[in-house]
Structure formats: structure tokens, C-alpha cells
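> Take a look at the following structure, please.
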Amino acid sequence: CVLGIDLGTTSVKAALLVGAEQGQVVVESCSRETLAHTSSLEAGPQGMEQNVWKIIKALNECLAALPQQQLQRVTHIGISGQMHGIVFWKRDKGCRWTECATGPTFEPDEVSHLITWQDARCSPTFLSSLPPPQSHISLATGFGCATIYWYLKKSPDFLKSYDAAGTIHDYVVAVLCDLKKPLMSVQNAASWGYFNSRNKSWNTDILRKSGFPVHLLPEVGDPGSIAGSTGCAWHGIPKGAKVGIALGDFQCSVYSCLTERTDAVLNISTSAQLTISMPLGFQPSETPDPSSAVSYFPYFNGDYLAVAASLNGGNVLATFVDMVARWTEELGLQVQESAIYTKIIKAALAQHDIKLSVHPTIFGERHVPEQLASVTNIAVSDLSLGHVTRALCRGIVENLCSMLPVQCLIETGVRRILGSGSALARNEVLRQEVERIFPFPVVYGKDVDAAVGAAMVM
């Protein structure tokens with residue numbers, strides 16, 4: 001058995017895979033909402049942080065829900081998670097092992113909040129004050145190294161409390177393998193900024209000159225390599241199970257479904273990405289184009305993906321649902337958000353011919369952070385919840401398509417779209433809009449794709 005885990009922005013997912021004649025097959029899967037968002041004491045409303053204890057609680061609940069007899073057969077564990085973000089901890093006090101109904105497990109101990117990829121504390125002015133990185137990816141707010149710089153300049157005492165840092169999935173790997181120094185994959189390192197993907201090294205000279213605490217930077221290894229093995233049993237998983245180096249959730253979502261270079265992968269979960277494979281041997285330029293909507297993400301075996309990585313995906317719909325819930329509450333009524341989702345999607349399925357246009361970039365985009373959302377072509381006939389929801393779903397897909405246009409896909413030989421991610425799996429309106437906008441056959445995956453991909457890599 002191989003266990004795949006994905007520590008996402010809103011939920012933790014786990015999948016158990018076993019070998020079969022037709023390849024690896026998912027025999028069990030589980031998902032738990034983390035409900036981990038919390039306020040930021042230092043950054044205020046610009047901060048986007050999550051409570052690590054709640055994330056690990058959701059992980060423990062996921063594993064406790066999987067069959068014990070299958071977990072006892074696990075030989076390898078693959079872990080992916082939300083990229084760019086950063087969590088700090090004390091190496092010798094980062095967790096506390098306890099006994100639960102399914103065996104030994106751990107809880108976070110001296111660990112900071114997770115500052116997520118959605119964090120907006122680093123303004124364009126702040127970022128422009130930092131030394132230019134030697135990297136093919138432009139530095140942006142929410143990137144691990146940018147966040148460390150922010151603490152260095154705004155709250156240096158905070159950094160003195162910790163001697164290790166990584167993504168949330170790097171933290172879990174470090175705990176399971178009892179690593180003395182965190183180990184990070186090239187995928188996660190590139191997503192932090194100040195990392196040269198060509199020579200697989202941090203820009204330590206540039207960072208040191210500006211007083212950056214380089215001792216917090218993890219060691220870096222190749223995606224697909226083994227980080228270590230479990231130091232003790234964990235939820236029934238035997239001691240000595242091999243644990244892979246933590247991977248990017250996006251790369252794992254792609255890995256779970258991409259089989260042909262003529263496929264493009266469209267992933268819509270909390271954020272959204274549209275990606276194509278670059279030719280074998282491709283190397284990105286040494287300096288990024290900050291105005292380009294397309295980035296190049298390290299994949300596996302030295303390959304790269306060309307990615308239109310939008311900050312606006314399922315989180316836009318979640319914000320819309322939250323707005324409707326708040327308005328309803330202000331009117332003296334109570335409606336569960338889950339019920340709102342169901343009703344607005346049903347209403348949108350009845351509306352097809354709409355003039356209303358929603359440009360949904362409420363979270364900005366990395367290449368145009370100052371460009372926020374707008375609504376145009378507002379007519380009396382298009383003001384129902386169904387019309388607005390349909391326009392919102394259409395806008396999410398059209399925004400992604402504007403970043404990596406259909407013409408580019410055709411020119412690179414794309415013949416099929418593979419759809420993945422929880423928002424796409426659960427929302428038929430989004431799927432209809434994908435099929436309306438893209439002139440290719442579309443095949444859909446499941447909402448546990450990243451967890452499955454993390455297991456398949458192993």
C-alpha cells in the first residue's frame with residue numbers, strides 16, 4: 001500500500017493506492033475540512049494565516065477514518081501541500097507525540113501559524129525594496145522568502161523564536177522522519193523565491209548581504225526522492241515506512257492525470273491553474289518577466305510545466321457564498337453556507353444565455369496585483385442569483401483562459417483538457433463553462449487528485 005496525503009488550503013485529503021494489473025488503483029480515500037483560517041496579530045487584515053494545530057487535527061481525523069488493516073500495509077508515504085507558504089518551528093520541540101485510538105500520532109508544539117500563499121502583507125513597494133533574486137520566478141507576496149524578509153524588517157524578534165522553517169508539508173515530513181534539518185523539494189524551493197532552479201541552490205550570497213537569516217532555509221532535494229522513514233508507528237502505519245520529500249500540490253494534481261504531452265491540465269481548487277508540458281530539455285530564462293501571466297514550474301525528472309497560475313479560483317466562489325450568507329444574516333435570516341452553494345449552483349444551471357460579465361480577480365493576480373474585480377453589462381434581466389453565479393463561474397474560467405489563451409494551446413499541439421481539483425469536481429456550472437470556452441474534449445478527475453499524485457510518485 002502507498003499512502004498519499006495532500007495538505008490543501010481548505011482541506012486535508014488522503015488516498016490509499018495498491019498495485020494492480022492496470023497500474024496503481026485507489027482503494028480508499030478521505031477528506032476533512034481544516035477550518036484553520038485565523039487572524040494575524042502582526043499583519044492585520046493583510047495577513048492570511050492558518051492554525052497548524054487545526055491542520056494536523058484534520059490530518060489525524062483523515063488517517064483515523066481509513067481502514068486500519070490497509071494502513072498496516074503501507075510501505076511508502078507521499079505528501080503534497082499548498083505551495084509558497086511558510087511555517088516556523090523549533091527543531092527539537094516542533095511536535096509532541098501522543099497515543100490515540102489508532103496508535104501513536106503527533107500534535108504541533110512550538111510551531112508558528114502557517115503564513116499561506118494568499119498572504120498579502122508584502123506590498124509591491126515592500127517587494128521592490130528587496131534585493132532582486134537570481135531566479136526565473138518573480139518574487140511575490142505569500143512567497144516564503146518574502147515573508148521571512150517581512151518579519152526581518154517588521155518584527156525581527158519573531159524570527160528569534162524558531163530555528164527551522166518550511167512549507168506545511170515540509171513540516172510534516174520533518175516530523176515523521178525526525179529530520180535534524182528540514183528537507184525541501186526543488187518544487188517547493190522554487191515557490192519560495194530566491195532559488196535558482198538550474199543549479200538547484202538558494203541565492204545565499206544575495207540573501208546574506210541583506211542580513212537574511214539563511215540558517216532558516218531548508219536543504220533541497222529532487223522531487224520523487226526519499227526524505228527518510230517513519231521513526232515510529234503512526235496511526236497503525238509501521239515504523240520504517242519510506243517518506244518522500246514533500247511535493248507541490250499543483251505538480252501532484254498534474255502527475256495524477258497527465259499522460260500525454262498533448263494534454264493540458266486545468267486545475268480549479270482554492271486557486272486555479274492551466275498548464276502544458278514544456279519540451280524535453282527546456283530551461284526557463286535566468287530572469288523572469290514580471291508582467292508575464294505564465295510561469296515555469298519545476299516538475300519531475302528536470303522537466304518544466306508552463307503554468308497560468310491564477311490566485312482566483314474556488315476561493316472567489318467561497319467569498320461570494322460568504323457574502324450572500326452575511327447579507328442574509330443582516331436581514332435577520334440564517335442559511336447554512338453549504339445550502340447556499342447547492343441552491344446557487346442549481347439556479348445557475350437554469351441560466352445559459354447571459355450578458356452579465358464578471359471579471360473575478362478579487363485577489364488580484366501576481367503579474368497585475370493592483371487589478372481587482374469588476375462587473376459590467378449589468379442589465380435588469382441578469383440580476384438573479386442564477387445569472388450572477390453563472391457569470392462568476394464563466395469569469396473564473398475566462399480569466400484563466402486570458403492568461404494562457406486557447407490559440408497558444410492549439411499552437412503547442414494540445415488535443416485534450418484534463419480537469420482536476422475540488423472546485424471543478426463539485427461544480428457542474430464550472431464544468432459547463434470549461435467545455436464552452438475550450439474547443440477540446442475535456443476529461444475530469446476527482447477532488448483528491450493531489451493526494452493520488454503524491455502517492456503515484458512514490
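Starting from 1 in every chain, residues are counted up; chains themselves are A, B, ... following the order of the C-alpha cells, and ligands are numbered from 1 as listed.
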Excluding stretch 62-76 of chain A and any residue of its chain fewer than 3 positions from it, enumerate the residues within 6 Å of it, using only C-alpha atoms, and give them as a compact mmCIF listing (two decimals) with all heavy atoms, in the first residue's frame.


# COMPACT_ATOMS: atom_id res chain seq x y z
N CYS A 1 0.84 -1.19 0.00
CA CYS A 1 0.00 0.00 0.00
C CYS A 1 0.88 1.25 0.00
O CYS A 1 1.91 1.29 0.68
CB CYS A 1 -0.86 0.02 1.27
SG CYS A 1 -2.59 -0.22 0.94
N VAL A 2 0.46 2.26 -0.74
CA VAL A 2 1.12 3.57 -0.71
C VAL A 2 0.08 4.58 -0.24
O VAL A 2 -1.05 4.60 -0.74
CB VAL A 2 1.66 3.98 -2.10
CG1 VAL A 2 2.33 5.34 -2.02
CG2 VAL A 2 2.64 2.94 -2.62
N CYS A 30 -10.14 9.82 1.65
CA CYS A 30 -10.83 10.53 2.73
C CYS A 30 -10.46 12.01 2.64
O CYS A 30 -9.36 12.36 2.22
CB CYS A 30 -10.38 9.96 4.08
SG CYS A 30 -11.17 10.75 5.49
N LEU A 59 -5.67 16.19 9.58
CA LEU A 59 -4.86 15.08 9.07
C LEU A 59 -5.07 13.83 9.92
O LEU A 59 -5.28 12.73 9.39
CB LEU A 59 -3.37 15.49 9.08
CG LEU A 59 -2.35 14.40 8.76
CD1 LEU A 59 -2.57 13.82 7.37
CD2 LEU A 59 -0.92 14.95 8.89
N GLY A 236 -1.02 3.34 12.99
CA GLY A 236 -1.00 1.96 12.50
C GLY A 236 -0.04 1.73 11.36
O GLY A 236 0.24 0.58 11.01
N ILE A 237 0.45 2.81 10.73
CA ILE A 237 1.46 2.66 9.68
C ILE A 237 2.76 2.19 10.34
O ILE A 237 3.19 2.80 11.32
CB ILE A 237 1.67 3.99 8.94
CG1 ILE A 237 0.38 4.43 8.24
CG2 ILE A 237 2.81 3.89 7.94
CD1 ILE A 237 0.38 5.88 7.81
N ALA A 241 8.39 3.00 7.45
CA ALA A 241 7.78 3.28 6.15
C ALA A 241 8.54 4.44 5.49
O ALA A 241 8.86 5.43 6.14
CB ALA A 241 6.30 3.64 6.31
N LYS A 242 8.84 4.31 4.21
CA LYS A 242 9.60 5.34 3.49
C LYS A 242 8.70 6.57 3.24
O LYS A 242 7.55 6.44 2.84
CB LYS A 242 10.09 4.80 2.14
CG LYS A 242 11.06 3.63 2.27
CD LYS A 242 12.46 4.13 2.55
CE LYS A 242 13.48 3.02 2.49
NZ LYS A 242 13.43 2.10 3.63
N VAL A 243 9.27 7.76 3.48
CA VAL A 243 8.53 9.01 3.30
C VAL A 243 9.22 9.83 2.21
O VAL A 243 10.42 10.10 2.29
CB VAL A 243 8.47 9.83 4.61
CG1 VAL A 243 7.65 11.11 4.40
CG2 VAL A 243 7.87 8.99 5.74

> So that I can see what lies close to A:Arg436, please list as a count of residues only the residues with an atom at most 12 Å from it, counting only C-alpha atoms and leaving out residues fewer than 3 positions away in the same chain.

16

> I'd like the contact shell of stretch 155-169 of chain A - 8 Å cut-off, only C-alpha atoms, skipping same-chain residues fewer than 4 positions apart - returned as a ChimeraX atom specification.

/A:7,42,52,79-91,114,144,150-151,173,181-182,184,188,215-218,246-247

> Could you write out that same residue set with N, CA and C atoms as a PDB file, in the first residue's frame?


ATOM      1  N   LEU A   7      -2.051  18.360   1.901  1.00  0.00           N
ATOM      2  CA  LEU A   7      -2.415  19.370   2.902  1.00  0.00           C
ATOM      3  C   LEU A   7      -2.798  20.639   2.146  1.00  0.00           C
ATOM      4  N   GLU A  42       0.375  40.216  13.671  1.00  0.00           N
ATOM      5  CA  GLU A  42       1.388  41.150  13.176  1.00  0.00           C
ATOM      6  C   GLU A  42       0.947  41.889  11.915  1.00  0.00           C
ATOM      7  N   VAL A  52      -1.862  25.745  12.571  1.00  0.00           N
ATOM      8  CA  VAL A  52      -1.251  24.457  12.205  1.00  0.00           C
ATOM      9  C   VAL A  52      -1.847  23.316  13.022  1.00  0.00           C
ATOM     10  N   ILE A  79       3.683  12.964   0.225  1.00  0.00           N
ATOM     11  CA  ILE A  79       2.977  14.109   0.823  1.00  0.00           C
ATOM     12  C   ILE A  79       3.112  15.341  -0.076  1.00  0.00           C
ATOM     13  N   SER A  80       1.987  15.965  -0.368  1.00  0.00           N
ATOM     14  CA  SER A  80       1.991  17.232  -1.100  1.00  0.00           C
ATOM     15  C   SER A  80       1.244  18.267  -0.274  1.00  0.00           C
ATOM     16  N   GLY A  81       1.297  19.523  -0.728  1.00  0.00           N
ATOM     17  CA  GLY A  81       0.583  20.561   0.013  1.00  0.00           C
ATOM     18  C   GLY A  81       0.646  21.896  -0.677  1.00  0.00           C
ATOM     19  N   GLN A  82      -0.036  22.882  -0.076  1.00  0.00           N
ATOM     20  CA  GLN A  82      -0.111  24.223  -0.645  1.00  0.00           C
ATOM     21  C   GLN A  82       1.283  24.842  -0.701  1.00  0.00           C
ATOM     22  N   MET A  83       1.626  25.347  -1.877  1.00  0.00           N
ATOM     23  CA  MET A  83       2.970  25.864  -2.114  1.00  0.00           C
ATOM     24  C   MET A  83       3.096  27.321  -1.648  1.00  0.00           C
ATOM     25  N   HIS A  84       4.309  27.836  -1.714  1.00  0.00           N
ATOM     26  CA  HIS A  84       4.667  29.236  -1.440  1.00  0.00           C
ATOM     27  C   HIS A  84       4.661  29.594   0.055  1.00  0.00           C
ATOM     28  N   GLY A  85       3.716  29.061   0.833  1.00  0.00           N
ATOM     29  CA  GLY A  85       3.560  29.457   2.233  1.00  0.00           C
ATOM     30  C   GLY A  85       4.709  28.986   3.114  1.00  0.00           C
ATOM     31  N   ILE A  86       4.688  29.453   4.375  1.00  0.00           N
ATOM     32  CA  ILE A  86       5.789  29.146   5.296  1.00  0.00           C
ATOM     33  C   ILE A  86       5.277  28.964   6.721  1.00  0.00           C
ATOM     34  N   VAL A  87       5.863  27.981   7.415  1.00  0.00           N
ATOM     35  CA  VAL A  87       5.617  27.774   8.839  1.00  0.00           C
ATOM     36  C   VAL A  87       6.978  27.655   9.529  1.00  0.00           C
ATOM     37  N   PHE A  88       7.078  28.186  10.737  1.00  0.00           N
ATOM     38  CA  PHE A  88       8.327  28.161  11.513  1.00  0.00           C
ATOM     39  C   PHE A  88       8.145  27.226  12.711  1.00  0.00           C
ATOM     40  N   TRP A  89       9.237  26.561  13.117  1.00  0.00           N
ATOM     41  CA  TRP A  89       9.157  25.716  14.310  1.00  0.00           C
ATOM     42  C   TRP A  89      10.528  25.558  14.949  1.00  0.00           C
ATOM     43  N   LYS A  90      10.532  25.014  16.181  1.00  0.00           N
ATOM     44  CA  LYS A  90      11.781  24.675  16.875  1.00  0.00           C
ATOM     45  C   LYS A  90      12.093  23.218  16.579  1.00  0.00           C
ATOM     46  N   ARG A  91      13.297  22.970  16.106  1.00  0.00           N
ATOM     47  CA  ARG A  91      13.634  21.620  15.638  1.00  0.00           C
ATOM     48  C   ARG A  91      13.415  20.547  16.704  1.00  0.00           C
ATOM     49  N   LEU A 114       0.801  28.973  10.078  1.00  0.00           N
ATOM     50  CA  LEU A 114       1.203  28.886   8.678  1.00  0.00           C
ATOM     51  C   LEU A 114       0.812  30.202   8.004  1.00  0.00           C
ATOM     52  N   GLY A 144       7.555  32.241   0.631  1.00  0.00           N
ATOM     53  CA  GLY A 144       8.235  32.033   1.907  1.00  0.00           C
ATOM     54  C   GLY A 144       9.345  33.014   2.197  1.00  0.00           C
ATOM     55  N   TRP A 150       9.834  40.108   5.480  1.00  0.00           N
ATOM     56  CA  TRP A 150       8.858  40.976   6.155  1.00  0.00           C
ATOM     57  C   TRP A 150       9.072  40.921   7.673  1.00  0.00           C
ATOM     58  N   TYR A 151       9.219  39.693   8.213  1.00  0.00           N
ATOM     59  CA  TYR A 151       9.468  39.561   9.654  1.00  0.00           C
ATOM     60  C   TYR A 151      10.797  40.186  10.042  1.00  0.00           C
ATOM     61  N   VAL A 173       6.752  16.152   6.929  1.00  0.00           N
ATOM     62  CA  VAL A 173       7.821  15.212   6.561  1.00  0.00           C
ATOM     63  C   VAL A 173       8.948  15.257   7.597  1.00  0.00           C
ATOM     64  N   LYS A 181      17.407  18.762  10.113  1.00  0.00           N
ATOM     65  CA  LYS A 181      17.230  19.991   9.340  1.00  0.00           C
ATOM     66  C   LYS A 181      16.174  19.714   8.275  1.00  0.00           C
ATOM     67  N   PRO A 182      15.200  20.620   8.109  1.00  0.00           N
ATOM     68  CA  PRO A 182      14.149  20.369   7.115  1.00  0.00           C
ATOM     69  C   PRO A 182      14.723  20.145   5.723  1.00  0.00           C
ATOM     70  N   MET A 184      13.562  20.096   1.605  1.00  0.00           N
ATOM     71  CA  MET A 184      12.527  20.663   0.733  1.00  0.00           C
ATOM     72  C   MET A 184      12.798  20.247  -0.712  1.00  0.00           C
ATOM     73  N   ASN A 188       9.063  23.009  -4.164  1.00  0.00           N
ATOM     74  CA  ASN A 188       8.705  23.946  -3.088  1.00  0.00           C
ATOM     75  C   ASN A 188       9.710  25.084  -2.973  1.00  0.00           C
ATOM     76  N   HIS A 215      20.108  30.550   7.852  1.00  0.00           N
ATOM     77  CA  HIS A 215      20.048  29.280   8.595  1.00  0.00           C
ATOM     78  C   HIS A 215      18.627  28.700   8.600  1.00  0.00           C
ATOM     79  N   LEU A 216      17.617  29.529   8.276  1.00  0.00           N
ATOM     80  CA  LEU A 216      16.233  29.039   8.230  1.00  0.00           C
ATOM     81  C   LEU A 216      15.904  28.320   6.915  1.00  0.00           C
ATOM     82  N   LEU A 217      16.754  28.466   5.917  1.00  0.00           N
ATOM     83  CA  LEU A 217      16.476  27.836   4.619  1.00  0.00           C
ATOM     84  C   LEU A 217      16.685  26.323   4.701  1.00  0.00           C
ATOM     85  N   PRO A 218      15.717  25.530   4.243  1.00  0.00           N
ATOM     86  CA  PRO A 218      15.882  24.072   4.273  1.00  0.00           C
ATOM     87  C   PRO A 218      16.925  23.596   3.271  1.00  0.00           C
ATOM     88  N   ALA A 246       8.601  16.287   0.410  1.00  0.00           N
ATOM     89  CA  ALA A 246       7.306  16.931   0.174  1.00  0.00           C
ATOM     90  C   ALA A 246       7.259  17.595  -1.198  1.00  0.00           C
ATOM     91  N   LEU A 247       6.099  17.495  -1.843  1.00  0.00           N
ATOM     92  CA  LEU A 247       5.926  17.953  -3.228  1.00  0.00           C
ATOM     93  C   LEU A 247       4.889  19.063  -3.315  1.00  0.00           C
TER      94      LEU A 247
END

> Compile the contact shell of A:Lys180 as a short mmCIF file (atom, residue, chain, number, x, y, z; two decimals) with all heavy atoms, in the first residue's frame: residues with an atom at most 10 Å away, counting only C-alpha atoms, same-chain residues fewer than 3 positions apart removed.


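Full text of around-v3.cif as output:
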data_model
loop_
_atom_site.label_atom_id
_atom_site.label_comp_id
_atom_site.auth_asym_id
_atom_site.auth_seq_id
_atom_site.Cartn_x
_atom_site.Cartn_y
_atom_site.Cartn_z
N ARG A 91 13.30 22.97 16.11
CA ARG A 91 13.63 21.62 15.64
C ARG A 91 13.42 20.55 16.70
O ARG A 91 12.90 19.48 16.41
CB ARG A 91 15.10 21.57 15.19
CG ARG A 91 15.34 22.28 13.88
CD ARG A 91 16.77 22.11 13.44
NE ARG A 91 17.19 23.21 12.59
CZ ARG A 91 18.42 23.41 12.19
NH1 ARG A 91 19.38 22.61 12.60
NH2 ARG A 91 18.72 24.43 11.40
N ASP A 92 13.84 20.82 17.93
CA ASP A 92 13.75 19.79 18.97
C ASP A 92 12.43 19.84 19.73
O ASP A 92 12.17 19.00 20.58
CB ASP A 92 14.93 19.90 19.94
CG ASP A 92 15.04 21.29 20.56
OD1 ASP A 92 14.39 22.22 20.04
OD2 ASP A 92 15.76 21.44 21.56
N ALA A 164 13.86 26.59 12.48
CA ALA A 164 13.54 25.79 11.30
C ALA A 164 12.33 26.40 10.60
O ALA A 164 11.49 27.03 11.24
CB ALA A 164 13.26 24.34 11.67
N ALA A 174 9.33 16.46 8.03
CA ALA A 174 10.41 16.61 9.02
C ALA A 174 10.04 15.91 10.33
O ALA A 174 10.88 15.27 10.96
CB ALA A 174 10.70 18.09 9.27
N VAL A 175 8.77 16.03 10.74
CA VAL A 175 8.32 15.40 11.98
C VAL A 175 8.31 13.88 11.84
O VAL A 175 8.82 13.16 12.70
CB VAL A 175 6.90 15.92 12.37
CG1 VAL A 175 6.29 15.05 13.46
CG2 VAL A 175 6.99 17.37 12.84
N CYS A 177 9.95 11.95 9.87
CA CYS A 177 11.29 11.36 9.68
C CYS A 177 12.28 11.81 10.74
O CYS A 177 13.46 11.42 10.68
CB CYS A 177 11.82 11.72 8.29
SG CYS A 177 10.78 11.16 6.94
N LEU A 183 14.03 19.30 4.96
CA LEU A 183 14.41 18.99 3.58
C LEU A 183 13.25 19.38 2.68
O LEU A 183 12.10 19.07 2.97
CB LEU A 183 14.70 17.49 3.46
CG LEU A 183 15.12 16.94 2.10
CD1 LEU A 183 16.41 17.60 1.63
CD2 LEU A 183 15.31 15.42 2.20
#

> Fewer than 5 positions away in the same chain doesn't count, so skip those; otherwise give me all residues within 10 Å of A:Ala347, counting only C-alpha atoms, as a ChimeraX atom specification.

/A:341-342,384-390,429

> Find, counting only C-alpha atoms, the residue in A:Ser402, A:Ser277, A:Gln336, A:Thr10 that gets nearest to A:Val414.

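Of the candidates, the smallest distance to A:Val414 is held by A:Ser277.
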
> Atom CA of A:Leu3 and atom CA of A:Val457 are how many Å apart?

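Rounded to one decimal, the two atoms are 10.8 Å apart.
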
> Quick one: distance from atom CA of A:Leu372 to atom CA of A:Ile417 in Å, one decimal?

27.8 Å

> Just the number, please: distance in Å from atom CA of A:Ser191 to atom CA of A:Pro133, one decimal.

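Atom CA of A:Ser191 sits 12.5 Å away from atom CA of A:Pro133.
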